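File shown: structure_24.csv (CSV, C-alpha atoms).
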```
chain,number,residue,atom,x,y,z
A,1,ALA,CA,-211.0,27.8,155.2
A,2,GLN,CA,-213.0,26.6,158.1
A,3,THR,CA,-213.3,28.9,161.1
A,4,VAL,CA,-214.9,28.4,164.5
A,5,THR,CA,-216.2,31.4,166.5
A,6,GLN,CA,-217.1,31.6,170.1
A,7,SER,CA,-218.3,35.1,170.7
A,8,GLN,CA,-218.6,34.9,174.5
A,9,PRO,CA,-215.2,35.0,176.1
A,10,GLU,CA,-216.6,34.7,179.6
A,11,MET,CA,-220.0,33.8,181.1
A,12,SER,CA,-221.3,33.2,184.6
A,13,VAL,CA,-224.4,31.3,185.8
A,14,GLN,CA,-226.0,30.7,189.1
A,15,GLU,CA,-225.9,27.1,190.4
A,16,ALA,CA,-228.9,25.1,189.3
A,17,GLU,CA,-229.7,27.5,186.5
A,18,THR,CA,-229.4,26.9,182.7
A,19,VAL,CA,-226.8,28.5,180.5
A,20,THR,CA,-226.2,28.4,176.7
A,21,LEU,CA,-222.8,28.8,175.1
A,22,SER,CA,-222.8,29.9,171.5
A,23,CYS,CA,-220.6,28.6,168.7
A,24,THR,CA,-220.7,29.4,165.0
A,25,TYR,CA,-218.6,28.1,162.2
A,26,ASP,CA,-217.9,28.6,158.6
A,27,THR,CA,-217.4,25.8,156.2
A,28,SER,CA,-218.4,24.8,152.6
A,29,GLU,CA,-218.4,21.2,153.6
A,30,ASN,CA,-221.6,19.1,153.9
A,31,ASN,CA,-220.4,16.3,156.1
A,32,TYR,CA,-218.4,17.1,159.2
A,33,TYR,CA,-218.4,16.6,163.0
A,34,LEU,CA,-218.8,19.1,165.8
A,35,PHE,CA,-217.7,18.8,169.4
A,36,TRP,CA,-217.8,20.6,172.7
A,37,TYR,CA,-214.9,20.1,175.1
A,38,LYS,CA,-214.6,21.2,178.7
A,39,GLN,CA,-211.2,22.1,180.2
A,40,PRO,CA,-211.4,22.6,184.0
A,41,PRO,CA,-208.8,24.6,185.8
A,42,SER,CA,-206.9,21.3,186.4
A,43,ARG,CA,-206.4,21.5,182.6
A,44,GLN,CA,-207.4,18.0,181.3
A,45,MET,CA,-209.7,18.5,178.4
A,46,ILE,CA,-212.8,16.3,178.4
A,47,LEU,CA,-215.2,15.6,175.5
A,48,VAL,CA,-218.7,16.8,176.5
A,49,ILE,CA,-220.7,16.1,173.4
A,50,ARG,CA,-220.4,15.1,169.7
A,51,GLN,CA,-222.7,15.9,166.8
A,52,GLU,CA,-222.5,14.4,163.2
A,53,ALA,CA,-223.6,17.0,160.7
A,54,TYR,CA,-225.7,14.5,158.7
A,55,LYS,CA,-227.9,13.9,161.8
A,56,GLN,CA,-230.7,16.3,162.3
A,57,GLN,CA,-231.4,15.2,165.8
A,58,ASN,CA,-229.6,17.2,168.4
A,59,ALA,CA,-227.2,15.3,170.6
A,60,THR,CA,-227.7,15.1,174.4
A,61,GLU,CA,-225.6,13.8,177.2
A,62,ASN,CA,-227.3,14.0,180.6
A,63,ARG,CA,-227.4,17.7,181.5
A,64,PHE,CA,-225.7,18.8,178.3
A,65,SER,CA,-227.5,19.3,175.0
A,66,VAL,CA,-226.8,21.0,171.8
A,67,ASN,CA,-228.9,23.1,169.4
A,68,PHE,CA,-227.5,22.3,166.0
A,69,GLN,CA,-228.7,24.6,163.2
A,70,LYS,CA,-226.9,23.4,160.1
A,71,ALA,CA,-228.2,26.0,157.7
A,72,ALA,CA,-227.2,28.8,160.1
A,73,LYS,CA,-223.9,27.0,160.9
A,74,SER,CA,-224.6,27.3,164.6
A,75,PHE,CA,-223.8,24.8,167.3
A,76,SER,CA,-224.7,26.0,170.8
A,77,LEU,CA,-224.3,24.1,174.1
A,78,LYS,CA,-227.0,24.2,176.8
A,79,ILE,CA,-226.0,23.2,180.3
A,80,SER,CA,-229.0,22.5,182.5
A,81,ASP,CA,-229.0,22.5,186.3
A,82,SER,CA,-225.5,24.0,186.4
A,83,GLN,CA,-223.2,22.6,189.0
A,84,LEU,CA,-220.0,24.1,190.5
A,85,GLY,CA,-218.0,21.4,188.8
A,86,ASP,CA,-219.1,22.8,185.4
A,87,THR,CA,-216.8,25.7,186.0
A,88,ALA,CA,-214.3,25.4,183.1
A,89,MET,CA,-213.2,26.7,179.8
A,90,TYR,CA,-215.5,25.3,177.0
A,91,PHE,CA,-214.2,24.8,173.5
A,92,CYS,CA,-216.3,24.2,170.4
A,93,ALA,CA,-214.5,22.3,167.7
A,94,PHE,CA,-215.1,21.5,164.0
A,95,MET,CA,-213.7,18.3,162.4
A,96,LYS,CA,-213.5,17.2,158.8
A,97,HIS,CA,-211.6,14.2,157.6
A,98,ALA,CA,-211.0,13.2,154.0
A,99,PRO,CA,-208.2,11.2,152.5
A,100,GLY,CA,-205.0,13.3,152.8
A,101,THR,CA,-206.6,16.0,154.8
A,102,TYR,CA,-207.6,16.4,158.4
A,103,LYS,CA,-209.0,19.5,160.0
A,104,TYR,CA,-209.7,19.8,163.6
A,105,ILE,CA,-210.3,23.4,164.5
A,106,PHE,CA,-211.0,24.7,168.0
A,107,GLY,CA,-212.8,27.9,168.8
A,108,THR,CA,-211.2,30.4,171.2
A,109,GLY,CA,-213.2,29.2,174.1
A,110,THR,CA,-215.7,30.5,176.6
A,111,ARG,CA,-214.8,30.6,180.2
A,112,LEU,CA,-217.8,29.6,182.3
A,113,LYS,CA,-218.0,30.3,186.0
A,114,VAL,CA,-220.8,28.7,188.0
A,115,LEU,CA,-221.7,30.7,191.1
A,116,ALA,CA,-222.8,29.3,194.4
B,1,ASP,CA,-208.4,1.9,181.7
B,2,THR,CA,-210.0,5.0,180.1
B,3,GLU,CA,-207.1,7.3,180.4
B,4,VAL,CA,-204.3,8.9,178.4
B,5,THR,CA,-201.2,9.2,180.5
B,6,GLN,CA,-198.6,11.8,179.8
B,7,THR,CA,-195.2,12.1,181.3
B,8,PRO,CA,-193.5,14.2,182.6
B,9,LYS,CA,-196.1,16.6,183.8
B,10,HIS,CA,-193.6,19.4,183.9
B,11,LEU,CA,-190.4,19.9,182.0
B,12,VAL,CA,-187.8,22.6,181.9
B,13,MET,CA,-185.2,22.4,179.3
B,14,GLY,CA,-182.4,24.5,177.8
B,15,MET,CA,-182.3,25.4,174.2
B,16,THR,CA,-179.4,22.9,173.5
B,17,ASN,CA,-181.1,20.0,175.4
B,18,LYS,CA,-182.7,16.9,173.9
B,19,LYS,CA,-185.8,15.6,175.7
B,20,SER,CA,-188.8,13.5,175.0
B,21,LEU,CA,-192.4,13.6,176.0
B,22,LYS,CA,-194.3,10.4,176.4
B,23,CYS,CA,-197.9,9.5,175.9
B,24,GLU,CA,-199.6,6.2,176.7
B,25,GLN,CA,-203.1,4.8,176.3
B,26,HIS,CA,-204.5,1.3,176.7
B,27,MET,CA,-208.0,1.8,175.4
B,28,GLY,CA,-207.3,0.2,172.0
B,29,HIS,CA,-207.5,3.6,170.3
B,30,ARG,CA,-205.7,3.5,167.0
B,31,ALA,CA,-205.5,7.2,166.4
B,32,MET,CA,-203.2,9.4,168.5
B,33,TYR,CA,-202.4,13.1,168.3
B,34,TRP,CA,-200.1,15.8,169.6
B,35,TYR,CA,-201.4,19.3,170.3
B,36,LYS,CA,-199.7,22.4,171.5
B,37,GLN,CA,-201.7,24.8,173.7
B,38,LYS,CA,-200.5,28.3,174.6
B,39,ALA,CA,-202.0,30.0,177.7
B,40,LYS,CA,-205.6,31.0,177.3
B,41,LYS,CA,-205.6,29.8,173.7
B,42,PRO,CA,-207.2,26.8,172.0
B,43,PRO,CA,-205.1,23.7,171.2
B,44,GLU,CA,-203.3,23.6,167.9
B,45,LEU,CA,-202.9,20.4,166.0
B,46,MET,CA,-199.3,19.2,165.5
B,47,PHE,CA,-199.3,15.6,164.4
B,48,VAL,CA,-201.8,12.8,163.7
B,49,TYR,CA,-201.0,9.1,163.8
B,50,SER,CA,-203.4,6.6,162.5
B,51,TYR,CA,-202.6,2.9,162.9
B,52,GLU,CA,-199.1,3.8,164.0
B,53,LYS,CA,-198.4,5.7,160.8
B,54,LEU,CA,-197.9,9.5,160.6
B,55,SER,CA,-200.9,10.7,158.6
B,56,ILE,CA,-200.8,14.4,159.3
B,57,ASN,CA,-198.0,16.8,160.0
B,58,GLU,CA,-199.2,20.4,160.3
B,59,SER,CA,-196.0,21.9,159.1
B,60,VAL,CA,-194.4,21.6,162.5
B,61,PRO,CA,-190.7,22.6,162.7
B,62,SER,CA,-188.2,19.7,162.5
B,63,ARG,CA,-187.0,20.4,166.1
B,64,PHE,CA,-190.2,18.4,167.0
B,65,SER,CA,-190.0,14.8,166.0
B,66,PRO,CA,-192.9,12.4,166.7
B,67,GLU,CA,-192.6,8.7,167.1
B,68,CYS,CA,-195.2,6.0,167.5
B,69,PRO,CA,-193.4,2.8,168.5
B,70,ASN,CA,-196.6,0.8,169.0
B,71,SER,CA,-200.4,1.2,169.2
B,72,SER,CA,-200.3,2.3,172.8
B,73,LEU,CA,-197.4,4.7,172.8
B,74,LEU,CA,-196.7,8.1,171.3
B,75,ASN,CA,-193.5,10.1,171.9
B,76,LEU,CA,-192.5,13.6,171.0
B,77,HIS,CA,-188.8,14.1,170.7
B,78,LEU,CA,-187.6,17.7,171.3
B,79,HIS,CA,-184.3,19.1,170.2
B,80,ALA,CA,-182.9,22.7,170.0
B,81,LEU,CA,-186.2,24.3,171.1
B,82,GLN,CA,-186.8,28.0,171.3
B,83,PRO,CA,-188.3,29.9,174.2
B,84,GLU,CA,-191.5,30.5,172.1
B,85,ASP,CA,-192.0,26.7,172.1
B,86,SER,CA,-192.9,26.9,175.8
B,87,ALA,CA,-196.5,25.7,176.1
B,88,LEU,CA,-198.7,22.9,177.3
B,89,TYR,CA,-198.3,19.8,175.1
B,90,LEU,CA,-201.4,17.7,174.9
B,91,CYS,CA,-201.7,14.1,173.7
B,92,ALA,CA,-205.0,12.7,172.7
B,93,SER,CA,-206.4,9.5,171.3
B,94,SER,CA,-209.6,8.5,169.5
B,95,GLN,CA,-211.4,5.3,168.7
B,96,GLY,CA,-210.4,3.2,165.7
B,97,GLY,CA,-208.2,4.9,163.2
B,98,GLY,CA,-210.9,6.7,161.3
B,99,LEU,CA,-210.3,10.0,163.0
B,100,ASN,CA,-214.0,10.8,163.2
B,101,TYR,CA,-214.5,10.4,166.9
B,102,GLY,CA,-214.0,12.8,169.8
B,103,TYR,CA,-210.8,12.8,171.7
B,104,THR,CA,-209.7,11.5,175.0
B,105,PHE,CA,-207.0,13.9,176.2
B,106,GLY,CA,-204.1,13.5,178.6
B,107,SER,CA,-203.4,16.1,181.3
B,108,GLY,CA,-200.5,17.5,179.3
B,109,THR,CA,-196.8,18.3,179.8
B,110,ARG,CA,-196.1,21.8,180.7
B,111,LEU,CA,-192.9,22.7,178.9
B,112,THR,CA,-190.7,25.6,179.6
B,113,VAL,CA,-187.7,26.4,177.4
B,114,VAL,CA,-185.0,28.5,179.0
```
Exercise: express the given structure as structure tokens:
Amino acid sequence: AQTVTQSQPEMSVQEAETVTLSCTYDTSENNYYLFWYKQPPSRQMILVIRQEAYKQQNATENRFSVNFQKAAKSFSLKISDSQLGDTAMYFCAFMKHAPGTYKYIFGTGTRLKVLA
Amino acid sequence: DTEVTQTPKHLVMGMTNKKSLKCEQHMGHRAMYWYKQKAKKPPELMFVYSYEKLSINESVPSRFSPECPNSSLLNLHLHALQPEDSALYLCASSQGGGLNYGYTFGSGTRLTVV
């Protein structure tokens, strides 16, 4: 069975600094998708970034980038130039879809606080 | 319109009540989802609709009954709930019906069962 592990329950970073959130997963699949979501205190969850496992190139979205290491089953999120609005719970997620099955598994989350 | 709208935002219901949660999107997404999220926990998948057809039911108790009347609407009918069903219920949608895209989430309905 697939599992997603986020080993850092809480982190903090100074405004304008860079922070990396870790995520590891366990799967025997070869083709799958990985995501990072952000859930601010107002609770609406927002997609931050998406990575297809068959792509070697790491995904980037403005200040957000990932370090995807398929062999190590690692998918970390780097936030550059951290802003106060980045304060949120961050969830890593694994997705695999095949006929008749659908797995979308979230990690337990990392609570990030950006300090002024 | 790039939003998923959920109503009501808060709901308190007794264990004998019948209520419904509503979810609406006008982004042309053909996959819609219900998730349950307990406090300080990740979301847990309940149901998946693809092209208005129920494609995944994650062994959810029958007191939760989903319905997808059209491509823009998703309902969750609630009946005879238990206090442990109190949670944040999140609706999400994704592009196409292929289920391989990231989600757009609604703000959720905070449900309290008394």
Nearest candidate to chain A (options B:Pro42, B:Glu67, B:Glu84, B:Leu73; using all atoms listed in the file):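 Going through B:Pro42, B:Glu67, B:Glu84, B:Leu73 one by one, the smallest distance to chain A is for B:Pro42.
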Kindly determine which residues of chain A lie within 9 Å of chain B, considering all atoms listed in the file, and give the answer as a tab-separated table (two decimals) with C-alpha atoms, keeping the file's coordinate frame.
```tsv
chain	number	residue	atom	x	y	z
A	32	TYR	CA	-218.40	17.10	159.20
A	33	TYR	CA	-218.40	16.60	163.00
A	34	LEU	CA	-218.80	19.10	165.80
A	35	PHE	CA	-217.70	18.80	169.40
A	42	SER	CA	-206.90	21.30	186.40
A	43	ARG	CA	-206.40	21.50	182.60
A	44	GLN	CA	-207.40	18.00	181.30
A	45	MET	CA	-209.70	18.50	178.40
A	46	ILE	CA	-212.80	16.30	178.40
A	47	LEU	CA	-215.20	15.60	175.50
A	49	ILE	CA	-220.70	16.10	173.40
A	50	ARG	CA	-220.40	15.10	169.70
A	91	PHE	CA	-214.20	24.80	173.50
A	95	MET	CA	-213.70	18.30	162.40
A	96	LYS	CA	-213.50	17.20	158.80
A	97	HIS	CA	-211.60	14.20	157.60
A	100	GLY	CA	-205.00	13.30	152.80
A	101	THR	CA	-206.60	16.00	154.80
A	102	TYR	CA	-207.60	16.40	158.40
A	103	LYS	CA	-209.00	19.50	160.00
A	104	TYR	CA	-209.70	19.80	163.60
A	105	ILE	CA	-210.30	23.40	164.50
A	106	PHE	CA	-211.00	24.70	168.00
A	107	GLY	CA	-212.80	27.90	168.80
A	108	THR	CA	-211.20	30.40	171.20
A	109	GLY	CA	-213.20	29.20	174.10
```
| query | Around (-185.4, 23.8, 179.6) in the file's own coordinates, what residues are found within 8 Å if you use only C-alpha atoms, given back as a list in words? | reply |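 Collected hits near the coordinates: Leu11, Val12, Met13, Gly14, Met15, Asn17, Leu111, Thr112, Val113 and Val114 of chain B.
When atom CA of B:Tyr33 is paired with atom CA of A:Cys92, their separation reads 17.9 Å.
Atom pair atom CA of B:Phe47 / atom CA of A:Tyr90: separated by 22.7 Å.
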**Report entry** Near-A:Ser76 list (7 Å; all atoms listed in the file; drop same-chain fewer than 3 positions) as a list in words
**Finding:** Thr20, Leu21, Ser22, Cys23, Val66, Asn67 and Phe68 of chain A
Counting only C-alpha atoms, the option among B:His10, B:Lys36, B:His26, B:Arg63 closest to B:Leu78:
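Closest to B:Leu78, using only C-alpha atoms: B:Arg63.
Each of A:Val114, A:Ala93, A:Ala53, A:Ala98 was checked against A:Gln2 using all atoms listed in the file; the smallest atom-to-atom distance is that of A:Ala93.
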One decimal place gives the atom CA of A:Thr87-atom CA of A:Glu10 separation as 11.0 Å
Box for stretch 99-104 of chain B - axis-aligned, 3 Å on each of the six sides, all listed atoms - centre and size in Å to one decimal, as lines of an AutoDock Vina configuration file.
```
center_x = -212.1
center_y = 11.4
center_z = 169.0
size_x = 10.8
size_y = 8.8
size_z = 18.0
```
